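Dropping input17.txt in here (compact mmCIF, N, CA and C atoms):
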# COMPACT_ATOMS: atom_id res chain seq x y z
N MET W 1 0.84 -1.16 0.00
CA MET W 1 0.00 0.00 0.00
C MET W 1 0.89 1.23 0.00
N THR W 2 0.52 2.23 -0.80
CA THR W 2 1.30 3.45 -0.83
C THR W 2 0.60 4.51 -0.01
N ALA W 3 1.38 5.32 0.63
CA ALA W 3 0.82 6.38 1.47
C ALA W 3 0.75 7.66 0.67
N ALA W 4 -0.35 8.33 0.73
CA ALA W 4 -0.51 9.61 0.05
C ALA W 4 -0.15 10.73 1.02
N LEU W 5 0.42 11.78 0.48
CA LEU W 5 0.72 12.93 1.32
C LEU W 5 -0.56 13.72 1.56
N SER W 6 -0.74 14.14 2.75
CA SER W 6 -1.92 14.94 3.07
C SER W 6 -1.49 16.09 3.97
N PRO W 7 -2.32 17.12 4.08
CA PRO W 7 -1.96 18.23 4.97
C PRO W 7 -1.69 17.78 6.39
N ALA W 8 -2.27 16.67 6.80
CA ALA W 8 -2.03 16.16 8.15
C ALA W 8 -0.60 15.68 8.31
N ASP W 9 0.06 15.35 7.21
CA ASP W 9 1.45 14.91 7.27
C ASP W 9 2.41 16.08 7.41
N GLY W 10 1.88 17.29 7.39
CA GLY W 10 2.73 18.46 7.47
C GLY W 10 3.17 18.96 6.11
N HIS W 11 2.62 18.41 5.04
CA HIS W 11 2.97 18.81 3.68
C HIS W 11 1.75 19.42 3.02
N ASP W 12 1.85 20.69 2.70
CA ASP W 12 0.76 21.34 1.98
C ASP W 12 0.83 21.03 0.49
N HIS W 13 2.02 20.75 -0.01
CA HIS W 13 2.24 20.48 -1.42
C HIS W 13 3.15 19.28 -1.54
N PRO W 14 3.07 18.58 -2.69
CA PRO W 14 4.01 17.48 -2.89
C PRO W 14 5.45 18.00 -2.88
N PRO W 15 6.39 17.16 -2.52
CA PRO W 15 7.79 17.60 -2.51
C PRO W 15 8.19 18.09 -3.91
N ALA W 16 9.03 19.10 -3.93
CA ALA W 16 9.49 19.66 -5.21
C ALA W 16 10.31 18.63 -5.97
N LEU W 17 10.13 18.61 -7.26
CA LEU W 17 10.93 17.74 -8.10
C LEU W 17 12.27 18.39 -8.34
N HIS W 18 13.29 17.58 -8.33
CA HIS W 18 14.62 18.09 -8.66
C HIS W 18 14.78 17.96 -10.16
N LEU W 19 14.81 19.07 -10.84
CA LEU W 19 14.92 19.05 -12.29
C LEU W 19 16.38 18.92 -12.70
N VAL W 20 16.62 17.99 -13.58
CA VAL W 20 17.95 17.78 -14.12
C VAL W 20 18.01 18.52 -15.45
N PRO W 21 18.99 19.39 -15.63
CA PRO W 21 19.04 20.12 -16.91
C PRO W 21 19.24 19.15 -18.07
N ALA W 22 18.62 19.49 -19.17
CA ALA W 22 18.76 18.67 -20.37
C ALA W 22 20.21 18.68 -20.84
N ARG W 23 20.62 17.55 -21.39
CA ARG W 23 21.97 17.49 -21.96
C ARG W 23 22.02 18.42 -23.15
N ARG W 24 23.10 19.07 -23.32
CA ARG W 24 23.27 19.97 -24.44
C ARG W 24 23.71 19.17 -25.67
N THR W 25 23.15 19.51 -26.82
CA THR W 25 23.54 18.86 -28.07
C THR W 25 24.43 19.81 -28.85
N LEU W 26 25.57 19.31 -29.26
CA LEU W 26 26.52 20.09 -30.04
C LEU W 26 26.66 19.51 -31.43
N THR W 27 26.97 20.37 -32.38
CA THR W 27 27.29 19.87 -33.70
C THR W 27 28.64 19.16 -33.61
N LEU W 28 28.93 18.39 -34.62
CA LEU W 28 30.21 17.68 -34.64
C LEU W 28 31.38 18.66 -34.58
N LEU W 29 31.27 19.75 -35.32
CA LEU W 29 32.34 20.74 -35.33
C LEU W 29 32.51 21.38 -33.95
N GLU W 30 31.41 21.74 -33.30
CA GLU W 30 31.48 22.33 -31.95
C GLU W 30 32.11 21.34 -30.97
N ALA W 31 31.69 20.10 -31.03
CA ALA W 31 32.20 19.08 -30.12
C ALA W 31 33.69 18.83 -30.35
N THR W 32 34.08 18.82 -31.62
CA THR W 32 35.50 18.60 -31.95
C THR W 32 36.35 19.71 -31.36
N ARG W 33 35.86 20.92 -31.41
CA ARG W 33 36.62 22.06 -30.86
C ARG W 33 36.80 21.97 -29.36
N LEU W 34 35.89 21.25 -28.68
CA LEU W 34 36.01 21.07 -27.23
C LEU W 34 37.00 19.97 -26.85
N CYS W 35 37.30 19.10 -27.80
CA CYS W 35 38.18 17.96 -27.50
C CYS W 35 39.58 18.44 -27.13
N PRO W 36 40.08 17.90 -26.04
CA PRO W 36 41.42 18.30 -25.58
C PRO W 36 42.54 17.52 -26.26
N VAL W 37 42.20 16.79 -27.32
CA VAL W 37 43.20 15.99 -28.01
C VAL W 37 43.30 16.43 -29.47
N SER W 38 44.35 16.02 -30.12
CA SER W 38 44.56 16.38 -31.52
C SER W 38 43.61 15.61 -32.43
N THR W 39 43.49 16.08 -33.65
CA THR W 39 42.69 15.39 -34.65
C THR W 39 43.23 13.98 -34.89
N LYS W 40 44.53 13.84 -34.84
CA LYS W 40 45.13 12.53 -35.06
C LYS W 40 44.73 11.55 -33.95
N VAL W 41 44.68 12.01 -32.72
CA VAL W 41 44.25 11.15 -31.61
C VAL W 41 42.77 10.79 -31.78
N LEU W 42 41.96 11.76 -32.19
CA LEU W 42 40.54 11.47 -32.47
C LEU W 42 40.42 10.41 -33.56
N TRP W 43 41.23 10.55 -34.59
CA TRP W 43 41.21 9.61 -35.70
C TRP W 43 41.56 8.20 -35.23
N VAL W 44 42.55 8.07 -34.38
CA VAL W 44 42.94 6.77 -33.85
C VAL W 44 41.78 6.18 -33.04
N GLU W 45 41.11 6.98 -32.24
CA GLU W 45 39.93 6.52 -31.50
C GLU W 45 38.86 6.02 -32.47
N TYR W 46 38.65 6.77 -33.53
CA TYR W 46 37.68 6.41 -34.58
C TYR W 46 38.07 5.07 -35.22
N LEU W 47 39.34 4.87 -35.50
CA LEU W 47 39.80 3.61 -36.09
C LEU W 47 39.55 2.44 -35.15
N THR W 48 39.74 2.65 -33.85
CA THR W 48 39.52 1.56 -32.88
C THR W 48 38.05 1.17 -32.81
N LEU W 49 37.16 2.07 -33.22
CA LEU W 49 35.73 1.77 -33.25
C LEU W 49 35.30 1.10 -34.56
N GLY W 50 36.25 0.93 -35.47
CA GLY W 50 35.95 0.27 -36.73
C GLY W 50 35.88 1.18 -37.93
N GLY W 51 36.25 2.44 -37.75
CA GLY W 51 36.24 3.38 -38.86
C GLY W 51 37.27 3.03 -39.91
N GLY W 52 37.00 3.45 -41.15
CA GLY W 52 37.90 3.09 -42.24
C GLY W 52 38.40 4.26 -43.06
N GLU W 53 38.12 5.49 -42.65
CA GLU W 53 38.57 6.64 -43.42
C GLU W 53 40.05 6.93 -43.12
N SER W 54 40.74 7.46 -44.13
CA SER W 54 42.11 7.91 -43.92
C SER W 54 42.07 9.16 -43.02
N LEU W 55 43.23 9.55 -42.53
CA LEU W 55 43.29 10.75 -41.70
C LEU W 55 42.77 11.97 -42.47
N GLU W 56 43.12 12.06 -43.75
CA GLU W 56 42.66 13.19 -44.56
C GLU W 56 41.14 13.17 -44.72
N GLN W 57 40.56 11.99 -44.98
CA GLN W 57 39.11 11.86 -45.10
C GLN W 57 38.43 12.18 -43.77
N PHE W 58 39.01 11.70 -42.68
CA PHE W 58 38.47 11.94 -41.35
C PHE W 58 38.45 13.44 -41.05
N THR W 59 39.54 14.12 -41.34
CA THR W 59 39.63 15.56 -41.10
C THR W 59 38.60 16.31 -41.94
N ALA W 60 38.44 15.90 -43.20
CA ALA W 60 37.44 16.52 -44.06
C ALA W 60 36.04 16.26 -43.52
N HIS W 61 35.82 15.08 -42.97
CA HIS W 61 34.51 14.74 -42.41
C HIS W 61 34.20 15.62 -41.20
N LEU W 62 35.19 15.88 -40.37
CA LEU W 62 34.98 16.77 -39.22
C LEU W 62 34.56 18.16 -39.67
N ALA W 63 35.15 18.63 -40.76
CA ALA W 63 34.86 19.97 -41.26
C ALA W 63 33.52 20.04 -41.97
N ASP W 64 33.12 18.95 -42.65
CA ASP W 64 31.87 18.96 -43.42
C ASP W 64 31.22 17.58 -43.35
N PRO W 65 30.54 17.28 -42.22
CA PRO W 65 29.99 15.94 -42.04
C PRO W 65 28.86 15.59 -43.01
N ALA W 66 28.24 16.58 -43.63
CA ALA W 66 27.14 16.30 -44.55
C ALA W 66 27.59 15.51 -45.77
N GLN W 67 28.86 15.59 -46.11
CA GLN W 67 29.38 14.91 -47.29
C GLN W 67 29.80 13.47 -47.02
N GLY W 68 29.79 13.06 -45.76
CA GLY W 68 30.30 11.74 -45.41
C GLY W 68 29.25 10.63 -45.47
N ASP W 69 29.75 9.42 -45.45
CA ASP W 69 28.92 8.23 -45.38
C ASP W 69 28.23 8.17 -44.02
N PRO W 70 26.93 7.85 -43.96
CA PRO W 70 26.21 7.83 -42.68
C PRO W 70 26.81 6.86 -41.65
N THR W 71 27.28 5.71 -42.11
CA THR W 71 27.89 4.76 -41.17
C THR W 71 29.18 5.32 -40.60
N GLU W 72 30.01 5.88 -41.47
CA GLU W 72 31.26 6.48 -41.01
C GLU W 72 30.96 7.67 -40.10
N HIS W 73 29.93 8.43 -40.43
CA HIS W 73 29.56 9.59 -39.60
C HIS W 73 29.22 9.13 -38.19
N GLY W 74 28.49 8.04 -38.07
CA GLY W 74 28.15 7.52 -36.75
C GLY W 74 29.39 7.16 -35.94
N LEU W 75 30.38 6.60 -36.60
CA LEU W 75 31.62 6.25 -35.91
C LEU W 75 32.43 7.48 -35.53
N VAL W 76 32.42 8.49 -36.40
CA VAL W 76 33.12 9.75 -36.09
C VAL W 76 32.47 10.40 -34.87
N VAL W 77 31.15 10.48 -34.88
CA VAL W 77 30.42 11.07 -33.74
C VAL W 77 30.70 10.29 -32.47
N GLN W 78 30.68 8.98 -32.55
CA GLN W 78 30.94 8.14 -31.38
C GLN W 78 32.34 8.38 -30.83
N ALA W 79 33.31 8.49 -31.71
CA ALA W 79 34.69 8.72 -31.27
C ALA W 79 34.81 10.05 -30.54
N VAL W 80 34.24 11.10 -31.10
CA VAL W 80 34.30 12.41 -30.47
C VAL W 80 33.56 12.39 -29.13
N ALA W 81 32.38 11.78 -29.12
CA ALA W 81 31.58 11.72 -27.88
C ALA W 81 32.32 10.95 -26.79
N GLU W 82 33.00 9.87 -27.16
CA GLU W 82 33.73 9.08 -26.16
C GLU W 82 34.91 9.85 -25.59
N VAL W 83 35.62 10.58 -26.43
CA VAL W 83 36.74 11.39 -25.93
C VAL W 83 36.22 12.45 -24.97
N LEU W 84 35.13 13.10 -25.33
CA LEU W 84 34.56 14.12 -24.44
C LEU W 84 34.05 13.50 -23.14
N ALA W 85 33.40 12.35 -23.23
CA ALA W 85 32.91 11.69 -22.03
C ALA W 85 34.06 11.32 -21.09
N ASP W 86 35.19 10.88 -21.67
CA ASP W 86 36.37 10.56 -20.86
C ASP W 86 36.88 11.78 -20.10
N GLU W 87 36.61 12.96 -20.65
CA GLU W 87 37.03 14.21 -20.01
C GLU W 87 35.94 14.79 -19.11
N GLY W 88 34.81 14.09 -18.99
CA GLY W 88 33.74 14.54 -18.12
C GLY W 88 32.81 15.56 -18.75
N VAL W 89 32.86 15.70 -20.06
CA VAL W 89 31.99 16.64 -20.77
C VAL W 89 30.74 15.89 -21.16
N ASP W 90 29.60 16.25 -20.58
CA ASP W 90 28.35 15.54 -20.76
C ASP W 90 27.50 16.22 -21.83
N VAL W 91 27.72 15.84 -23.09
CA VAL W 91 26.98 16.42 -24.20
C VAL W 91 26.59 15.32 -25.19
N ASP W 92 25.61 15.63 -26.00
CA ASP W 92 25.27 14.78 -27.14
C ASP W 92 25.90 15.42 -28.35
N VAL W 93 26.38 14.61 -29.26
CA VAL W 93 27.00 15.10 -30.49
C VAL W 93 26.12 14.70 -31.66
N ALA W 94 25.82 15.68 -32.50
CA ALA W 94 24.95 15.40 -33.66
C ALA W 94 25.72 15.55 -34.94
So, in terms of structure tokens, how does the structure I just supplied come out?
Amino acid sequence: MTAALSPADGHDHPPALHLVPARRTLTLLEATRLCPVSTKVLWVEYLTLGGGESLEQFTAHLADPAQGDPTEHGLVVQAVAEVLADEGVDVDVA
């Protein structure tokens, strides 16, 4: 059985909800600029996730993700997000 709060319990209103701020969503370019590592280190992280672009292709993808392959884009985003998460930066990367 659950107990309902009533004025007799000393509560005129339900307890306040603690609102958690929404995670901020950054573009890939914005997120990359926050990364404390070089593009080459990001690229290596991307390769460990199964990415197949050369360093030059990867760098071009960071600058203009609209031109990239959707599968590769997902891996690029994941690599950047993981590097940021390792640094305690809580954001979504789009």
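For stretch 55-63 of chain W, the residues within 10 Å (counting only C-alpha atoms, excluding itself and residues fewer than 6 positions away along the chain) are Thr27, Leu28, Leu29, Glu30, Ala31, Thr32, Thr39, Lys40, Leu42, Trp43, Val44, Tyr46, Leu47, Asp69, Glu72, His73, Val76, Val77 and Val80 of chain W.
Atom CA of W:Glu87 is positioned 24.9 Å from atom CA of W:Thr71.
Between atom CA of W:Gly51 and atom CA of W:Ala94 the separation is 17.3 Å.
The spacing separating atom N of W:Asp92 from atom N of W:Ser54 amounts to 25.0 Å.
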Could you give me, as a PDB file with N, CA and C atoms, in the coordinates of the input, the residues that have an atom at most 6 Å away from the point (32.3, 0.4, -35.4) in the coordinates of the file, using only C-alpha atoms?
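Written output follows (out-v9.pdb):
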ATOM      1  N   LEU W  49      37.160   2.070 -33.220  1.00  0.00           N
ATOM      2  CA  LEU W  49      35.730   1.770 -33.250  1.00  0.00           C
ATOM      3  C   LEU W  49      35.300   1.100 -34.560  1.00  0.00           C
ATOM      4  N   GLY W  50      36.250   0.930 -35.470  1.00  0.00           N
ATOM      5  CA  GLY W  50      35.950   0.270 -36.730  1.00  0.00           C
ATOM      6  C   GLY W  50      35.880   1.180 -37.930  1.00  0.00           C
ATOM      7  N   LEU W  75      30.380   6.600 -36.600  1.00  0.00           N
ATOM      8  CA  LEU W  75      31.620   6.250 -35.910  1.00  0.00           C
ATOM      9  C   LEU W  75      32.430   7.480 -35.530  1.00  0.00           C
TER      10      LEU W  75
END
Give, as lines of an AutoDock Vina configuration file, the centre coordinates and the x, y and z edge lengths in Å to one decimal for an axis-aligned box around all listed atoms of stretch 34-45 of chain W, padded by 3 Å on each side.
center_x = 40.5
center_y = 13.6
center_z = -30.6
size_x = 15.2
size_y = 21.2
size_z = 16.1
Next item on the list: Could you give me, as an NGL selection string, each residue of stretch 34-76 of chain W that DSSP assigns to helix (DSSP H, G or I) when run on this structure's backbone?
Entry: :W and (34 or 39-48 or 55-63 or 65-67 or 70-76)
